[in-house]
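Input: a single structure, listed below in structure tokens.
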Amino acid sequence: MTNRILVFYGSYRSDRMGIRLAHFTVEAFRARGDDIELIDAKEVGLPMLDRMYKGVSERAGARAARKARDPNPRR
């Protein structure tokens, strides 16, 4: 049975180091045969929240939701 896993990485820092661990984790699970996808908040353009925010832009939220539902859309 293949597990379906989503890794969400949310750091926006310029010197972010955790992205390397996120990529390592994705590759390790993929090598095991799991269906895994990495969503990088910075890469997909989710807004950076440094204070309380009442909503997310519709376009950024919709893009992230589509990627979460279907990480490999057919073009």
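Following the order of the structure tokens, first chain is A, next is B, and so on, with residues numbered from 1 inside each chain and ligands from 1 in the order they appear.
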Check which residues of segment 11-70 of chain A sit at most 9 Å from segment 1-4 of chain A using only C-alpha atoms, and return one row each with the closest pair of atoms and their distance in Å to one decimal, ordered by chain and rising number, as JSON lines.
```
{"residue": "A:Gly33", "atom": "CA", "partner": "A:Thr2", "partner_atom": "CA", "distance": 6.5}
{"residue": "A:Asp34", "atom": "CA", "partner": "A:Asn3", "partner_atom": "CA", "distance": 5.1}
{"residue": "A:Asp35", "atom": "CA", "partner": "A:Arg4", "partner_atom": "CA", "distance": 4.8}
{"residue": "A:Ile36", "atom": "CA", "partner": "A:Arg4", "partner_atom": "CA", "distance": 5.8}
{"residue": "A:Glu37", "atom": "CA", "partner": "A:Arg4", "partner_atom": "CA", "distance": 8.4}
```
Next, dump the selected residues to file, keeping only C-alpha atoms, as a PDB file, in the first residue's frame.
```
ATOM      1  CA  GLY A  33       7.608   4.006  -2.781  1.00  0.00           C
ATOM      2  CA  ASP A  34       5.347   6.545  -1.107  1.00  0.00           C
ATOM      3  CA  ASP A  35       3.406   9.178  -3.049  1.00  0.00           C
ATOM      4  CA  ILE A  36       4.822  12.356  -1.525  1.00  0.00           C
ATOM      5  CA  GLU A  37       4.654  16.021  -2.496  1.00  0.00           C
TER       6      GLU A  37
END
```
Report task. Taking the DSSP assignment computed from this structure's backbone, write out as a PyMOL selection string all residues of chain A that belong to strand (DSSP E). Result -> chain A and resi 4-9+35-40
Would you put the residues from that selection into a file with all heavy atoms, as an mmCIF file, in the first residue's frame?
```cif
data_model
loop_
_atom_site.group_PDB
_atom_site.id
_atom_site.type_symbol
_atom_site.label_atom_id
_atom_site.label_comp_id
_atom_site.auth_asym_id
_atom_site.auth_seq_id
_atom_site.Cartn_x
_atom_site.Cartn_y
_atom_site.Cartn_z
ATOM 1 N N ARG A 4 0.084 8.327 0.937
ATOM 2 C CA ARG A 4 0.044 9.628 0.278
ATOM 3 C C ARG A 4 0.390 10.674 1.333
ATOM 4 O O ARG A 4 -0.328 10.827 2.317
ATOM 5 C CB ARG A 4 -1.339 9.875 -0.296
ATOM 6 C CG ARG A 4 -1.346 11.053 -1.204
ATOM 7 C CD ARG A 4 -2.412 10.919 -2.243
ATOM 8 N NE ARG A 4 -2.157 11.968 -3.205
ATOM 9 C CZ ARG A 4 -3.087 12.641 -3.809
ATOM 10 N NH1 ARG A 4 -4.350 12.358 -3.597
ATOM 11 N NH2 ARG A 4 -2.766 13.585 -4.653
ATOM 12 N N ILE A 5 1.502 11.385 1.136
ATOM 13 C CA ILE A 5 2.036 12.288 2.158
ATOM 14 C C ILE A 5 2.252 13.668 1.555
ATOM 15 O O ILE A 5 2.750 13.804 0.441
ATOM 16 C CB ILE A 5 3.384 11.757 2.701
ATOM 17 C CG1 ILE A 5 3.203 10.337 3.244
ATOM 18 C CG2 ILE A 5 3.949 12.687 3.762
ATOM 19 C CD1 ILE A 5 4.505 9.617 3.523
ATOM 20 N N LEU A 6 1.899 14.688 2.318
ATOM 21 C CA LEU A 6 2.144 16.069 1.926
ATOM 22 C C LEU A 6 3.084 16.693 2.949
ATOM 23 O O LEU A 6 2.820 16.655 4.147
ATOM 24 C CB LEU A 6 0.837 16.864 1.889
ATOM 25 C CG LEU A 6 0.973 18.360 1.629
ATOM 26 C CD1 LEU A 6 1.508 18.610 0.225
ATOM 27 C CD2 LEU A 6 -0.367 19.045 1.820
ATOM 28 N N VAL A 7 4.203 17.239 2.473
ATOM 29 C CA VAL A 7 5.139 17.970 3.324
ATOM 30 C C VAL A 7 4.957 19.442 3.006
ATOM 31 O O VAL A 7 5.082 19.852 1.854
ATOM 32 C CB VAL A 7 6.607 17.547 3.058
ATOM 33 C CG1 VAL A 7 7.571 18.410 3.851
ATOM 34 C CG2 VAL A 7 6.795 16.075 3.371
ATOM 35 N N PHE A 8 4.642 20.232 4.028
ATOM 36 C CA PHE A 8 4.462 21.671 3.844
ATOM 37 C C PHE A 8 5.610 22.379 4.543
ATOM 38 O O PHE A 8 5.823 22.217 5.733
ATOM 39 C CB PHE A 8 3.122 22.127 4.434
ATOM 40 C CG PHE A 8 2.879 23.596 4.249
ATOM 41 C CD1 PHE A 8 2.382 24.069 3.049
ATOM 42 C CD2 PHE A 8 3.157 24.485 5.256
ATOM 43 C CE1 PHE A 8 2.173 25.430 2.860
ATOM 44 C CE2 PHE A 8 2.947 25.843 5.084
ATOM 45 C CZ PHE A 8 2.451 26.313 3.887
ATOM 46 N N TYR A 9 6.370 23.170 3.777
ATOM 47 C CA TYR A 9 7.483 23.919 4.336
ATOM 48 C C TYR A 9 7.135 25.393 4.255
ATOM 49 O O TYR A 9 6.871 25.910 3.179
ATOM 50 C CB TYR A 9 8.781 23.609 3.565
ATOM 51 C CG TYR A 9 9.981 24.256 4.192
ATOM 52 C CD1 TYR A 9 10.484 23.782 5.395
ATOM 53 C CD2 TYR A 9 10.582 25.357 3.608
ATOM 54 C CE1 TYR A 9 11.572 24.383 5.998
ATOM 55 C CE2 TYR A 9 11.671 25.958 4.203
ATOM 56 C CZ TYR A 9 12.162 25.474 5.392
ATOM 57 O OH TYR A 9 13.233 26.076 5.984
ATOM 58 N N ASP A 35 3.834 8.064 -2.200
ATOM 59 C CA ASP A 35 3.406 9.178 -3.049
ATOM 60 C C ASP A 35 3.509 10.434 -2.188
ATOM 61 O O ASP A 35 2.662 10.671 -1.331
ATOM 62 C CB ASP A 35 1.976 8.944 -3.520
ATOM 63 C CG ASP A 35 1.447 10.062 -4.403
ATOM 64 O OD1 ASP A 35 2.251 10.895 -4.854
ATOM 65 O OD2 ASP A 35 0.228 10.085 -4.636
ATOM 66 N N ILE A 36 4.549 11.213 -2.394
ATOM 67 C CA ILE A 36 4.822 12.356 -1.525
ATOM 68 C C ILE A 36 5.008 13.618 -2.350
ATOM 69 O O ILE A 36 5.541 13.571 -3.462
ATOM 70 C CB ILE A 36 6.053 12.096 -0.627
ATOM 71 C CG1 ILE A 36 6.264 13.240 0.362
ATOM 72 C CG2 ILE A 36 7.288 11.819 -1.442
ATOM 73 C CD1 ILE A 36 7.143 12.876 1.535
ATOM 74 N N GLU A 37 4.539 14.727 -1.812
ATOM 75 C CA GLU A 37 4.654 16.021 -2.496
ATOM 76 C C GLU A 37 5.104 17.061 -1.489
ATOM 77 O O GLU A 37 4.658 17.075 -0.343
ATOM 78 C CB GLU A 37 3.312 16.413 -3.087
ATOM 79 C CG GLU A 37 3.356 17.678 -3.901
ATOM 80 C CD GLU A 37 4.135 17.528 -5.201
ATOM 81 O OE1 GLU A 37 4.249 16.405 -5.718
ATOM 82 O OE2 GLU A 37 4.647 18.543 -5.700
ATOM 83 N N LEU A 38 5.991 17.934 -1.930
ATOM 84 C CA LEU A 38 6.469 19.046 -1.116
ATOM 85 C C LEU A 38 5.805 20.322 -1.603
ATOM 86 O O LEU A 38 5.836 20.631 -2.792
ATOM 87 C CB LEU A 38 7.996 19.190 -1.240
ATOM 88 C CG LEU A 38 8.618 20.444 -0.629
ATOM 89 C CD1 LEU A 38 8.450 20.459 0.881
ATOM 90 C CD2 LEU A 38 10.093 20.535 -1.005
ATOM 91 N N ILE A 39 5.191 21.048 -0.679
ATOM 92 C CA ILE A 39 4.690 22.383 -0.983
ATOM 93 C C ILE A 39 5.539 23.364 -0.197
ATOM 94 O O ILE A 39 5.589 23.319 1.032
ATOM 95 C CB ILE A 39 3.204 22.543 -0.632
ATOM 96 C CG1 ILE A 39 2.361 21.645 -1.540
ATOM 97 C CG2 ILE A 39 2.775 24.006 -0.786
ATOM 98 C CD1 ILE A 39 0.886 21.730 -1.316
ATOM 99 N N ASP A 40 6.235 24.213 -0.913
ATOM 100 C CA ASP A 40 7.087 25.247 -0.333
ATOM 101 C C ASP A 40 6.311 26.558 -0.407
ATOM 102 O O ASP A 40 6.043 27.064 -1.492
ATOM 103 C CB ASP A 40 8.387 25.323 -1.137
ATOM 104 C CG ASP A 40 9.362 26.361 -0.630
ATOM 105 O OD1 ASP A 40 9.013 27.137 0.288
ATOM 106 O OD2 ASP A 40 10.483 26.401 -1.162
#
```
Requested in this report: Record the distance separating atom CA of Met48 of chain A and atom CA of Ala28 of chain A, expressed in Å with one decimal.
Outcome: 28.4 Å
Query - Coordinates-based distance that separates atom CA of Arg59 of chain A from atom CA of Arg30 of chain A (Å, one decimal) - result: 29.5 Å
Report task. Return as a ChimeraX atom specification the full set of residues in chain A whose backbone-based DSSP assignment is alpha helix (DSSP H). Result -> /A:18-31,41-44,58-69
Could the residues in this selection be written to a file with N, CA and C atoms, as a short mmCIF file (atom, residue, chain, number, x, y, z; two decimals), in the first residue's frame?
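Written output follows (out.cif):
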```
data_model
loop_
_atom_site.label_atom_id
_atom_site.label_comp_id
_atom_site.auth_asym_id
_atom_site.auth_seq_id
_atom_site.Cartn_x
_atom_site.Cartn_y
_atom_site.Cartn_z
N GLY A 18 16.11 24.64 6.56
CA GLY A 18 15.21 23.51 6.68
C GLY A 18 14.71 22.96 5.36
N ILE A 19 14.81 23.75 4.30
CA ILE A 19 14.36 23.28 2.99
C ILE A 19 15.19 22.07 2.55
N ARG A 20 16.45 22.04 2.97
CA ARG A 20 17.28 20.88 2.63
C ARG A 20 16.75 19.62 3.29
N LEU A 21 16.32 19.74 4.55
CA LEU A 21 15.74 18.60 5.25
C LEU A 21 14.42 18.20 4.61
N ALA A 22 13.63 19.17 4.20
CA ALA A 22 12.36 18.88 3.54
C ALA A 22 12.60 18.09 2.25
N HIS A 23 13.57 18.51 1.44
CA HIS A 23 13.89 17.78 0.20
C HIS A 23 14.42 16.38 0.50
N PHE A 24 15.26 16.27 1.52
CA PHE A 24 15.80 14.97 1.92
C PHE A 24 14.66 14.03 2.33
N THR A 25 13.73 14.56 3.14
CA THR A 25 12.59 13.76 3.60
C THR A 25 11.74 13.28 2.43
N VAL A 26 11.47 14.19 1.50
CA VAL A 26 10.67 13.84 0.33
C VAL A 26 11.35 12.72 -0.45
N GLU A 27 12.63 12.86 -0.70
CA GLU A 27 13.34 11.83 -1.47
C GLU A 27 13.39 10.50 -0.73
N ALA A 28 13.54 10.53 0.59
CA ALA A 28 13.58 9.28 1.36
C ALA A 28 12.24 8.55 1.28
N PHE A 29 11.14 9.27 1.44
CA PHE A 29 9.82 8.64 1.34
C PHE A 29 9.54 8.18 -0.10
N ARG A 30 9.96 8.97 -1.07
CA ARG A 30 9.76 8.59 -2.47
C ARG A 30 10.52 7.29 -2.77
N ALA A 31 11.74 7.17 -2.25
CA ALA A 31 12.55 5.96 -2.47
C ALA A 31 11.88 4.73 -1.85
N ALA A 41 5.94 27.10 0.75
CA ALA A 41 5.11 28.31 0.79
C ALA A 41 5.74 29.46 0.02
N LYS A 42 7.05 29.57 0.08
CA LYS A 42 7.74 30.65 -0.62
C LYS A 42 7.66 30.44 -2.13
N GLU A 43 7.82 29.20 -2.56
CA GLU A 43 7.82 28.88 -4.00
C GLU A 43 6.44 29.08 -4.64
N VAL A 44 5.39 28.71 -3.92
CA VAL A 44 4.05 28.84 -4.50
C VAL A 44 3.44 30.22 -4.27
N GLU A 58 -7.10 35.44 -2.45
CA GLU A 58 -7.83 34.34 -3.09
C GLU A 58 -6.96 33.59 -4.09
N ARG A 59 -6.16 34.33 -4.86
CA ARG A 59 -5.35 33.68 -5.89
C ARG A 59 -4.29 32.77 -5.27
N ALA A 60 -3.59 33.25 -4.24
CA ALA A 60 -2.55 32.43 -3.59
C ALA A 60 -3.18 31.23 -2.89
N GLY A 61 -4.30 31.45 -2.22
CA GLY A 61 -4.97 30.35 -1.54
C GLY A 61 -5.48 29.30 -2.50
N ALA A 62 -6.05 29.74 -3.62
CA ALA A 62 -6.57 28.81 -4.62
C ALA A 62 -5.44 28.00 -5.25
N ARG A 63 -4.30 28.65 -5.53
CA ARG A 63 -3.15 27.94 -6.11
C ARG A 63 -2.66 26.84 -5.16
N ALA A 64 -2.53 27.17 -3.88
CA ALA A 64 -2.07 26.19 -2.89
C ALA A 64 -3.07 25.05 -2.76
N ALA A 65 -4.36 25.37 -2.76
CA ALA A 65 -5.38 24.33 -2.65
C ALA A 65 -5.35 23.40 -3.86
N ARG A 66 -5.19 23.96 -5.06
CA ARG A 66 -5.10 23.11 -6.27
C ARG A 66 -3.90 22.19 -6.19
N LYS A 67 -2.76 22.73 -5.76
CA LYS A 67 -1.55 21.92 -5.67
C LYS A 67 -1.70 20.82 -4.62
N ALA A 68 -2.36 21.13 -3.53
CA ALA A 68 -2.58 20.12 -2.49
C ALA A 68 -3.50 19.01 -2.98
N ARG A 69 -4.51 19.37 -3.77
CA ARG A 69 -5.45 18.36 -4.30
C ARG A 69 -4.81 17.54 -5.40
#
```
